[in-house]
Amino acid sequence: MIPDRAHLDRLDRSWRDPPGFWGFLTTVDHKRIAARYIVTALFLMFLAGMLALDMRWQLSVPENTRMGPQLYNESFSLHGSTMLFLVSVPLMEAMAFWLVPLMLGARNMAFPRLGAFSFWLYFGGVLCLWIAHAADITPDLGWFEYPPLSGPAYSPGHRADIWAQMITFTEVAALAASVNVAATILKMRPPGMTMARMPVFLWAMLIASIMTILSMPAVMLVTSMLIADRLVSTHFFSPAGGGDALLFQHLFWFFGHPEVYIIFVPATGFVSSIVETFSRRKLFGHSAIVLSMMSIGALAFGLWVHHMFAVGLPRLGNDFYTAASMAIALPAGLQIFCWIATVWSGRLRLATPMLWVLGFVATFVIGGLSGVMTASAALDLQLTDTYFVVAHLHYVLIGGAMFPLFGAFAYWYPKATGRLMSERWGSIAFIGIVGGFNLGFMPMHFLGLMGMPRRVYTYPPGMGWETLNQIATLGSAVAILGGLVFVANALWSYRHGQPAGSDPWGGSTLEWASPSPPPAFNIAYTPVVRSLTPMWDEGPGLPAMDGLGLDRREVLITSVTAAVPLYRQKSAGPSIWPLASSLAVSAMFIGSIFTPWAIAIGAAPIAATLTGWFWPDRPRAGSDAPRAGA
Amino acid sequence: MTAMREFELVGDLSRLPDSETGARHLVWWGNVGFMVIEGTAFALAAMAYLYIMTQAPAWPPKGDAMPGLLWSSIFTGGLLLSALPNLWVLHCAKTKNLAGVRWGALAMTVIALLLFVPRAFEFVHLGVPWHRDSYGSLIWMLLILHTTHVVTDWFDTAVLGVWLFTHEVGDDQFADVEDNANYWSFVILCWIPIYVLIYWLPRAA
């Protein structure tokens with residue numbers, strides 16, 4: 001059956017946002033929040049790319065004068081901090097926000113207002129870093145700001161504080177987002193979607209969220225300790241006061257290494273979705289891929305010391321972390337074999353999203369292999385702080401996470417907009433970005449082996465580094481041109497692309513059962529799941545249940561493992577309180593850069609706005625009020 | 001392939017209840033999520049303490065006084081005893097005892113407020129300012145971290161108490177009381193290792 005007009009109209013009235021600017025400020029629609037995240041992060045990616053190009057220009061000839069050392073320091077710090085904290089992780093969260101409810105056939109996230117709060121706080125972090133940059137208070141110590149250099153003795157002023165507090169903003173946002181995503185996946189799966197029937201994408205987002213919850217407190221703690229050292233003269237990291245600068249590195253990398261996988265694991269979710277659809281067969285080794293993700297998630301917490309091989313830790317410790325770092329290549333490799341087996345045994349369709357997957361596999365394998373090389377403590381001691389590491393981390397992060405993300409963008413773009421992107425321009429963008437990327441970063445392996453250190457603003461002539469640097473600069477320019485084609489294609493297709501319909505690729509999972517773009521309520525009925533690929537295995541009528549509220553916002557809560565329906569939960573509507581709370585929190589964070597009293601004084605408006613947020617405006621649950629949807 | 005997918009209705013959800021209790025409720029999981037985050041922060045702060053302690057030649061460093069046991073023991077005793085009324089409130093929430101959750105929330109608000117007194121004296125008797133050395137910095141950090149939780153849950157309980165008295169209380173509100181009581185149990189449990197770290201490890205070292 002097709003849902004009747006009156007049914008859809010009632011749902012729309014209950015779930016649509018208020019019109020205009022007020023609706024913009026108060027929305028709790030997961031799709032709008034995710035779209036904001038994505039647009040903001042992509043714009044920042046563009047800015048970070050421009051910074052990268054500028055740095056490549058500086059390095060293209062020896063003793064170039066385009067930048068002095070200070071501007072170069074600021075450029076790579078802003079580039080790295082933006083890409084790691086404001087682009088990579090938030091983009092993955094945004095994809096979860098947008099896709100998880102759709103893939104569950106649910107109407108919204110578990111905690112809709114918390115989702116809005118996450119975005120506004122993330123946006124506060126963006127403004128914290130970039131307004132400071134406009135005011136010439138740009139952090140200049142890289143994306144990990146080690147003491148003692150970042151301590152009060154060597155970094156007066158507020159550059160280091162801006163960096164540390166930007167992290168607090170984004171990490172609170174990320175932690176709130178992760179609890180939201182995890183609760184949604186655990187408690188809002190459609191009837192029948194047992195854990196064994198969860199698509200790999202949902203597993204990826206669940207595992208990445210749990211990893212975030214367990215790792216990001218470390219960086220919040222360590223940056224707060226750094227600010228305390230700088231502001232109120234504590235001695236966490238000052239050896240003169242009995243502190244230890246290495247404690248910072250331990251805590252930072254206890255977060256920093258899992259973060260790489262917090263970015264990579266969602267990407268494997270994208271890849272699994274794309275490979276399944278474009279191979280037109282069920283994913284080979286579903287359980288093996290999920291178990292690999294779990295072991296990557298666990299091993300990621302045992303590797304952090306491989307970032308610290310050069311600091312002189314005990315040899316036995318280094319050996320352990322070498323072994324653990326090499327071990328993680330096994331589950332990562334297992335996943336790749338499963339994808340290859342799926343493609344091999346399926347009927348491959350080489351559309352743009354699948355091209356990105358092929359680009360990912362090739363590039364990520366190179367990054368993985370250079371990772372196995374640097375996992376060896378002895379070799380790492382030679383390579384650390386050289387361009388080899390710059391090449392490795394970009395192969396892993398751009399190849400391992402951004403290429404799948406671009407593929408995911410092309411894959412789900414028709415779902416989000418109702419139109420397909422141009423395949424021809426998509427292929428040109430793919431060639432430009434992947435070709436330019438490899439041209440840009442492959443030579444850096446050799447530059448590193450030849451001894452060129454990272455984070456130097458120039459180099460003398462006669463080192464033999466000129467040609468490779470010029471190739472790298474050329475490659476970067478080509479990649480950025482490819483990126484511009486990608487964006488232009490997305491913008492052009494938004495109005496002129498071919499209409500997509502609800503399921504243009506013949507996808508296997510439930511998001512393709514919603515119209516494109518999905519309405520405010522996502523889906524007319526609650527789907528019932530009987531297999532891993534419900535869109536392929538059911539007949540013309542997708543089994544579904546009626547009975548969720550039509551005249552009030554209601555979501556279905558199910559049991560954690562078997563997804564048995566438990567109860568109908570009222571879902572929060574539009575509210576200004578998430579924005580108000582995030583403004584109060586932002587004021588406290590910014591104030592605490594300058595005075596510790598800001599924490600005490602700033603607590604009052606935070607308490608007031610959170611009280612407003614949680615003050616119950618709901619009708620009495622379990623009352624004899626007319627049952628919605630009845 | 002691009003046509004809108006049709007549905008075949010196989011069941012009706014309208015007879016399901018409007019709310020649930022305990023781990024069946026959605027918000028219980030959100031609460032657990034935040035407890036795991038904060039518990040991880042406590043654990044990492046404790047690891048930082050132990051890391052610095054193992055590097056130090058003496059703990060506390062020479063010249064630093066031992067942290068006072070009187071007020072910390074009063075606080076610890078009071079906090080542990082507060083588990084009893086807290087568990088009673090939890091029981092009231094589970095059995096949907098309206099008067100019980102109203103007066104229980106009020107009682108817990110007063111109890112948490114009373115605990116501020118020994119906690120304030122704890123700070124006075126830590127024996128070392130936070131800016132003297134890393135030992136001082138660490139014990140102040142641990143105590144501030146825990147105090148933040150006590151204050152937050154006190155405020156949360158107070159707000160909860162106000163609206164329990166002023167609003168009609170439904171199943172979702174009982175679930176909120178349950179979550180709040182669970183959070184206070186978390187505040188109690190976190191304190192035990194921190195108490196040992198701040199007050200007894202320097203004496204044992």
# chains A, B, ... in the order shown; residues from 1 in each chain; ligands from 1
>>> residues_around(residues="stretch 2-13 of chain A", least_positions_apart="3", cutoff="10 Å", atoms="only C-alpha atoms", output="PDB file with N, CA and C atoms, in the first residue's frame")
ATOM      1  N   ARG A  16       7.316  19.098  11.002  1.00  0.00           N
ATOM      2  CA  ARG A  16       8.022  20.168  10.285  1.00  0.00           C
ATOM      3  C   ARG A  16       8.433  21.272  11.259  1.00  0.00           C
ATOM      4  N   ASP A  17       9.477  22.010  10.863  1.00  0.00           N
ATOM      5  CA  ASP A  17       9.990  23.097  11.689  1.00  0.00           C
ATOM      6  C   ASP A  17       9.128  24.329  11.532  1.00  0.00           C
ATOM      7  N   PRO A  18       9.177  25.244  12.522  1.00  0.00           N
ATOM      8  CA  PRO A  18       8.539  26.544  12.310  1.00  0.00           C
ATOM      9  C   PRO A  18       9.196  27.228  11.109  1.00  0.00           C
ATOM     10  N   PRO A 519      11.194  13.573   3.849  1.00  0.00           N
ATOM     11  CA  PRO A 519      10.393  14.593   4.531  1.00  0.00           C
ATOM     12  C   PRO A 519      10.827  14.743   5.987  1.00  0.00           C
ATOM     13  N   ALA A 520      10.254  15.743   6.676  1.00  0.00           N
ATOM     14  CA  ALA A 520      10.667  16.012   8.062  1.00  0.00           C
ATOM     15  C   ALA A 520      10.508  14.773   8.940  1.00  0.00           C
ATOM     16  N   PHE A 521       9.504  13.933   8.647  1.00  0.00           N
ATOM     17  CA  PHE A 521       9.262  12.756   9.494  1.00  0.00           C
ATOM     18  C   PHE A 521       9.993  11.519   8.987  1.00  0.00           C
ATOM     19  N   ASN A 522      10.751  11.633   7.921  1.00  0.00           N
ATOM     20  CA  ASN A 522      11.620  10.586   7.351  1.00  0.00           C
ATOM     21  C   ASN A 522      10.883   9.480   6.600  1.00  0.00           C
ATOM     22  N   ILE A 523       9.960   8.798   7.274  1.00  0.00           N
ATOM     23  CA  ILE A 523       9.343   7.628   6.645  1.00  0.00           C
ATOM     24  C   ILE A 523       7.919   7.479   7.187  1.00  0.00           C
ATOM     25  N   ALA A 524       7.021   7.023   6.313  1.00  0.00           N
ATOM     26  CA  ALA A 524       5.596   7.028   6.669  1.00  0.00           C
ATOM     27  C   ALA A 524       5.247   6.010   7.753  1.00  0.00           C
ATOM     28  N   TYR A 525       5.870   4.843   7.715  1.00  0.00           N
ATOM     29  CA  TYR A 525       5.590   3.788   8.700  1.00  0.00           C
ATOM     30  C   TYR A 525       6.902   3.274   9.274  1.00  0.00           C
ATOM     31  N   GLY A 541       6.030  -4.868  -1.375  1.00  0.00           N
ATOM     32  CA  GLY A 541       5.602  -4.143  -0.183  1.00  0.00           C
ATOM     33  C   GLY A 541       6.568  -4.374   0.964  1.00  0.00           C
ATOM     34  N   LEU A 548       2.617   4.594  15.430  1.00  0.00           N
ATOM     35  CA  LEU A 548       3.338   5.689  16.083  1.00  0.00           C
ATOM     36  C   LEU A 548       2.515   6.956  15.901  1.00  0.00           C
ATOM     37  N   GLY A 549       2.666   7.900  16.835  1.00  0.00           N
ATOM     38  CA  GLY A 549       1.845   9.106  16.827  1.00  0.00           C
ATOM     39  C   GLY A 549       1.889   9.854  15.513  1.00  0.00           C
ATOM     40  N   LEU A 550       0.723  10.301  15.068  1.00  0.00           N
ATOM     41  CA  LEU A 550       0.663  11.158  13.877  1.00  0.00           C
ATOM     42  C   LEU A 550       0.565  12.622  14.271  1.00  0.00           C
ATOM     43  N   ASP A 551      -0.032  12.889  15.434  1.00  0.00           N
ATOM     44  CA  ASP A 551      -0.285  14.274  15.817  1.00  0.00           C
ATOM     45  C   ASP A 551       0.642  14.759  16.919  1.00  0.00           C
ATOM     46  N   ARG A 552       1.557  13.944  17.339  1.00  0.00           N
ATOM     47  CA  ARG A 552       2.631  14.408  18.221  1.00  0.00           C
ATOM     48  C   ARG A 552       3.896  13.659  17.822  1.00  0.00           C
ATOM     49  N   ARG A 553       5.036  14.249  18.156  1.00  0.00           N
ATOM     50  CA  ARG A 553       6.316  13.633  17.769  1.00  0.00           C
ATOM     51  C   ARG A 553       6.578  12.413  18.648  1.00  0.00           C
ATOM     52  N   GLY A 629      -2.142   9.093  17.046  1.00  0.00           N
ATOM     53  CA  GLY A 629      -2.012   8.065  16.028  1.00  0.00           C
ATOM     54  C   GLY A 629      -3.101   7.025  16.085  1.00  0.00           C
TER      55      GLY A 629
ATOM     56  N   MET B   4       8.613   5.090  -5.625  1.00  0.00           N
ATOM     57  CA  MET B   4       8.470   5.085  -4.166  1.00  0.00           C
ATOM     58  C   MET B   4       8.128   3.674  -3.685  1.00  0.00           C
ATOM     59  N   ARG B   5       8.822   3.230  -2.655  1.00  0.00           N
ATOM     60  CA  ARG B   5       8.605   1.876  -2.147  1.00  0.00           C
ATOM     61  C   ARG B   5       7.255   1.789  -1.430  1.00  0.00           C
ATOM     62  N   GLU B   6       6.518   0.751  -1.712  1.00  0.00           N
ATOM     63  CA  GLU B   6       5.236   0.561  -1.029  1.00  0.00           C
ATOM     64  C   GLU B   6       5.452  -0.169   0.289  1.00  0.00           C
ATOM     65  N   PHE B   7       4.422  -0.106   1.144  1.00  0.00           N
ATOM     66  CA  PHE B   7       4.507  -0.777   2.438  1.00  0.00           C
ATOM     67  C   PHE B   7       3.421  -1.833   2.550  1.00  0.00           C
ATOM     68  N   GLU B   8       3.717  -2.840   3.362  1.00  0.00           N
ATOM     69  CA  GLU B   8       2.697  -3.820   3.682  1.00  0.00           C
ATOM     70  C   GLU B   8       2.612  -3.858   5.208  1.00  0.00           C
TER      71      GLU B   8
END
>>> closest_atom_pairs(of="chain B", to="chain A", cutoff="6 Å", atoms="only C-alpha atoms", output="Markdown table")
| residue | atom | partner | partner_atom | distance |
| --- | --- | --- | --- | --- |
| B:Thr2 | CA | A:Gly501 | CA | 4.6 |
| B:Met4 | CA | A:Ser502 | CA | 5.8 |
| B:Arg5 | CA | A:Ala513 | CA | 5.6 |
| B:Glu6 | CA | A:Gly541 | CA | 4.8 |
| B:Phe7 | CA | A:Gly541 | CA | 4.4 |
| B:Glu8 | CA | A:Pro543 | CA | 4.7 |
| B:Leu9 | CA | A:Ala544 | CA | 4.9 |
| B:Val10 | CA | A:Met545 | CA | 5.7 |
| B:Gly11 | CA | A:Met545 | CA | 4.6 |
| B:Asp12 | CA | A:Asp546 | CA | 4.9 |
| B:Leu13 | CA | A:Gly547 | CA | 4.4 |
| B:Ser14 | CA | A:Gly547 | CA | 4.1 |
| B:Leu16 | CA | A:Tyr567 | CA | 5.1 |
| B:Pro17 | CA | A:Tyr567 | CA | 5.0 |
| B:Asp18 | CA | A:Arg568 | CA | 5.0 |
| B:Ser19 | CA | A:Tyr567 | CA | 5.9 |
| B:Gly33 | CA | A:Val179 | CA | 5.5 |
| B:Ile37 | CA | A:Ile213 | CA | 5.5 |
| B:Ala41 | CA | A:Pro217 | CA | 5.2 |
| B:Trp130 | CA | A:Thr234 | CA | 6.0 |
| B:His131 | CA | A:Thr234 | CA | 4.7 |
| B:Asp133 | CA | A:Gly241 | CA | 4.6 |
| B:Ser134 | CA | A:His235 | CA | 4.6 |
| B:Ser137 | CA | A:Thr234 | CA | 5.3 |
| B:Gly170 | CA | A:Ala621 | CA | 4.6 |
| B:Asp171 | CA | A:Ala621 | CA | 5.5 |
>>> write_last_selection(atoms="C-alpha atoms", output="PDB file, in the first residue's frame")
ATOM      1  CA  THR B   2      13.221   4.713  -8.553  1.00  0.00           C
ATOM      2  CA  MET B   4       8.470   5.085  -4.166  1.00  0.00           C
ATOM      3  CA  ARG B   5       8.605   1.876  -2.147  1.00  0.00           C
ATOM      4  CA  GLU B   6       5.236   0.561  -1.029  1.00  0.00           C
ATOM      5  CA  PHE B   7       4.507  -0.777   2.438  1.00  0.00           C
ATOM      6  CA  GLU B   8       2.697  -3.820   3.682  1.00  0.00           C
ATOM      7  CA  LEU B   9       1.372  -3.278   7.195  1.00  0.00           C
ATOM      8  CA  VAL B  10       2.129  -6.257   9.405  1.00  0.00           C
ATOM      9  CA  GLY B  11       1.548  -4.838  12.880  1.00  0.00           C
ATOM     10  CA  ASP B  12       0.347  -2.020  15.086  1.00  0.00           C
ATOM     11  CA  LEU B  13       2.451  -0.150  17.654  1.00  0.00           C
ATOM     12  CA  SER B  14      -0.313   2.013  19.087  1.00  0.00           C
ATOM     13  CA  LEU B  16       2.581  -0.007  23.318  1.00  0.00           C
ATOM     14  CA  PRO B  17       3.004   1.948  26.541  1.00  0.00           C
ATOM     15  CA  ASP B  18       4.162   5.591  26.592  1.00  0.00           C
ATOM     16  CA  SER B  19       7.102   5.017  28.895  1.00  0.00           C
ATOM     17  CA  GLY B  33      26.733   7.343  28.249  1.00  0.00           C
ATOM     18  CA  ILE B  37      32.477   9.761  29.745  1.00  0.00           C
ATOM     19  CA  ALA B  41      37.839  11.327  32.837  1.00  0.00           C
ATOM     20  CA  TRP B 130      47.655  23.935  43.915  1.00  0.00           C
ATOM     21  CA  HIS B 131      50.497  26.096  42.635  1.00  0.00           C
ATOM     22  CA  ASP B 133      54.088  21.592  43.049  1.00  0.00           C
ATOM     23  CA  SER B 134      52.608  18.890  40.829  1.00  0.00           C
ATOM     24  CA  SER B 137      48.065  20.453  41.422  1.00  0.00           C
ATOM     25  CA  GLY B 170       4.017  11.043  34.841  1.00  0.00           C
ATOM     26  CA  ASP B 171       5.983   7.934  33.969  1.00  0.00           C
TER      27      ASP B 171
END
>>> closest_residue(among="B:Lys96, B:His146, B:His25, B:Arg132", to="B:Ala46", atoms="only C-alpha atoms")
B:His146
>>> select_by_dssp(residues="stretch 3-132 of chain B", states="helix (DSSP H, G or I)", output="ChimeraX atom specification")
/B:22-24,26-55,70-81,83-94,98-124
>>> residues_around(residues="A:Asn469", least_positions_apart="5", cutoff="10 Å", atoms="only C-alpha atoms", output="short mmCIF file (atom, residue, chain, number, x, y, z; two decimals) with N, CA and C atoms, in the first residue's frame")
data_model
loop_
_atom_site.label_atom_id
_atom_site.label_comp_id
_atom_site.auth_asym_id
_atom_site.auth_seq_id
_atom_site.Cartn_x
_atom_site.Cartn_y
_atom_site.Cartn_z
N ARG A 56 52.58 24.83 0.22
CA ARG A 56 53.28 24.17 -0.88
C ARG A 56 53.96 25.20 -1.78
N TRP A 57 53.31 26.33 -1.97
CA TRP A 57 53.91 27.42 -2.76
C TRP A 57 55.22 27.85 -2.09
N GLN A 58 55.17 28.03 -0.77
CA GLN A 58 56.35 28.45 -0.04
C GLN A 58 57.50 27.45 -0.22
N LEU A 59 57.18 26.15 -0.24
CA LEU A 59 58.23 25.13 -0.27
C LEU A 59 58.64 24.74 -1.69
N SER A 60 58.02 25.36 -2.68
CA SER A 60 58.29 24.91 -4.04
C SER A 60 59.70 25.27 -4.50
N VAL A 61 60.28 26.29 -3.94
CA VAL A 61 61.68 26.61 -4.26
C VAL A 61 62.43 26.87 -2.96
N PRO A 62 63.73 26.62 -2.94
CA PRO A 62 64.50 26.87 -1.71
C PRO A 62 64.52 28.37 -1.37
N GLY A 440 51.05 14.63 -5.30
CA GLY A 440 51.47 15.56 -4.25
C GLY A 440 52.16 14.88 -3.09
N PHE A 441 51.65 13.71 -2.70
CA PHE A 441 52.15 13.13 -1.44
C PHE A 441 53.14 11.99 -1.62
N PRO A 443 55.84 11.90 -3.50
CA PRO A 443 57.24 12.38 -3.40
C PRO A 443 57.66 12.68 -1.97
N MET A 444 56.67 12.94 -1.10
CA MET A 444 57.05 13.28 0.29
C MET A 444 57.67 12.08 1.00
N LEU A 447 61.19 12.50 0.01
CA LEU A 447 61.77 13.67 0.68
C LEU A 447 62.10 13.33 2.13
N GLY A 464 69.01 18.81 -2.90
CA GLY A 464 68.43 17.79 -3.78
C GLY A 464 66.94 17.62 -3.56
N LEU A 474 52.85 20.81 -7.43
CA LEU A 474 51.99 20.64 -8.61
C LEU A 474 50.83 19.70 -8.29
N GLY A 475 51.15 18.58 -7.63
CA GLY A 475 50.11 17.62 -7.27
C GLY A 475 49.05 18.24 -6.38
#
>>> select_by_dssp(residues="stretch 6-171 of chain B", states="strand (DSSP E or B)", output="VMD selection string")
chain B and resid 6 to 12
>>> closest_residue(among="A:Ile599, A:Leu102, A:Ala34, A:Leu348", to="B:Ile144", atoms="only C-alpha atoms")
A:Ile599
>>> atom_distance(atom1="atom CA of B:Leu80", atom2="atom CA of B:Ile188")
6.6 Å
>>> closest_residue(among="A:Leu91, A:Ile185, A:Ile471, A:Ile162", to="B:Leu26", atoms="only C-alpha atoms")
A:Ile185
>>> residues_around(residues="B:Asp156", least_positions_apart="5", cutoff="9 Å", atoms="only C-alpha atoms", output="VMD selection string")
(chain A and resid 611) or (chain B and resid 109 151 161 180)
